[in-house]
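The structure appears below as structure tokens.
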Amino acid sequence: MATAAEQWVLVEMVQALYEAPAYHLILEGILILWIIRLLFSKTYKLQERSDLTIKEKEELIEEWQPEPLVPPISKDHPAFNYNIVSGPPSHKIVVNGKECINFASFNFLGLLDSPRVKAAALASLKKYGVGTCGPRGFYGTFDVHLDLEEHLAKFMKTEEAIIYSYGFSTIASAIPAYSKRGDIIFVDRAACFAIQKGLQASRSDIKLFNHNDVADLERLLKEQEVEDQKNPRKARVTRRFIVVEGLYMNTGSICPLPELVKLKYKYKARIFLEESLSFGVLGEHGRGVTEHYGISIDDIDLISASMENSLASIGGFCCGRSFVIDHQRLSGQGYCFSASLPPLLAAAAIEALNIMEENPDIFAVLKKKCEQIHKALQGISGLKVVGECFSPAFHLQLKDSTGSREADVKLLQEIINQCMNKSIALTQARYLEKEEKFLPPPSIRVVVTVEQTKEELERAASTIKEVAQAVLL
């Protein structure tokens, strides 16, 4: 029976072969021949043997010069000629052995050397030790971390907050936690380097709009809306984000948040707001640009900020709705894979928040001092002030460039050096020139803090004017 069945199958196969179209048989024949060729042909060709002598080989080896591991860097590069600070970089700073008034550190509220903050950090140091030696998911979550997150959420009036152990990694981790390949991010051209790294890690489609240009942003959103109508199925699964800074690190200008919120709802996008400079600075209670404009924090999908400026600690945080924040606990790279924030720094941040809540007048004081020096620096020979009058970090740029970035940097550095000789500590804004998407022009960054007195602000302004006139004219 089995033999008869096999013969019947064979007869059917032969019959099917005769009935098959000619082109079908030809195609199958070609495929069979191609498979045989791949199986039996060599996948590489042996190079002809070299008949070089041992001496000739040694000479070739001696002549060969490998490519340098890194490009050559001049010994005059600023990275090799840094200033050395002795003691805390607070109101007065000792640089290279010389005491100066500090106009370089982002210690906006003067909490870096606060006795209360230092006492809280010291008590935590004695209780927990120096570090954590583990990420949050692996025995790196301490009770003080949870206290800080709860305190931040309460202060910002959001449902939940999450803390990172490194300020730069906060927004750089948050962006790729939500935006993936195929999603679209609309971002300001002046975005800081941390945002740029987050965009790069997300592998999303990046659309850049001109700095603080709402009309240009809406143009891009309209163009995307037209594209979405061509492929509505794809549009339904494509997420759209608008990423901006509250106060821009590279320009000192404030984002037009009210207009951005209108565009968010009009074009169904999500807003990510980076507030490292505006948190603890803007608003009646220091809650940032949302409080400054009187905008509901619920209109913002995610807020991130560094704790390394106003809070005078280390690390950063994100805050928003619980379901948004909880997602970062599973996919925020800086949260999941870095050792958690040392408890002593978390305790210091909590105490700094307490001081901010107890002294809301401190923000008005800071604003007044910013406006004072901003006004006093107007009309400097050869320099222009770039930034809002209420921004505690703004820039002094050359009115007329020499045409060479290197020459511009040297001129500004000479101004800084002469100011330091007169006990005013300033610094240039530094960038990774080959990494920046849009490299800002060279500038002197001026940082204002509540500790600086009226007389010191006047002295700094007059010193900068005097030195700039001597160097540039």
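Here, A, B, ... name the chains of the structure tokens in the order displayed, residue numbers run from 1 inside each chain, and ligands are numbered from 1 in the same displayed order.
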
Point to revise | DSSP strand (DSSP E or B) selection over range 15-247 of chain A, as a PyMOL selection string | key: chain A and resi 85-86+92-95+98-102+160-164+184-188+205-209+240-245+247

Point to revise | 9 Å contact set for range 72-89 of chain A, only C-alpha atoms, chain neighbours under 4 positions out, as a count of residues only | key: 12

Practice item. Mind giving me the straight-line distance from CA of Ala194 in chain A to CA of Phe168 in chain A in Å, one decimal? Key: 5.6 Å

Practice item. Within 12 Å of Cys133 in chain A, counting only C-alpha atoms, which residues show up once you throw out same-chain ones fewer than 4 positions away? Write them as an NGL selection string, please. Key: :A and (128-129 or 137-142 or 165 or 337-343)

Point to revise | alpha helix (DSSP H) per DSSP on the backbone: members of range 11-167 of chain A, as a PyMOL selection string | key: chain A and resi 11-19+22-40+54-63+115-128+143-156+167

**Study point:** Counting only C-alpha atoms, the residue of A:Leu311, A:Leu122, A:Leu221, A:Cys100 that sits nearest Leu344 in chain A
**Key:**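 Nearest candidate to Leu344 in chain A out of A:Leu311, A:Leu122, A:Leu221, A:Cys100: A:Leu122.
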
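Minimum atom-to-atom distances from A:Phe186, A:Trp34, A:Phe155, A:Tyr23 to Ile350 in chain A were compared using only C-alpha atoms, and the lowest value belongs to A:Phe155.
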
Practice item. Take CA of Gly382 in chain A and CA of Ser462 in chain A and report the distance between them in Å, one decimal. Key: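 Result for CA of Gly382 in chain A versus CA of Ser462 in chain A: 14.5 Å, one decimal.
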
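Shortest separation to Thr132 in chain A among A:Leu31, A:Leu345, A:Ile373, A:Leu52 occurs at residue A:Leu345, atoms counted being only C-alpha atoms.
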
Review point. Near range 424-434 of chain A, counting only C-alpha atoms, which residues have an atom at most 7 Å away, once you skip same-chain residues fewer than 2 positions from it, shown as a PyMOL selection string?
Key: chain A and resi 100-104+416+419-420+422+436+439+442-446+460

**Study point:** Close residues, range 258-263 of chain A itself excluded, 12 Å, only C-alpha atoms, min 2 positions apart in chain, as a ChimeraX atom specification
**Key:** /A:186-188,212-222,240-246,254-256,265-273,289-301

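Compared by their closest atoms to Leu398 in chain A, and using only C-alpha atoms, the residues A:Lys384, A:Lys410, A:Arg233, A:Lys369 rank with A:Lys384 nearest.
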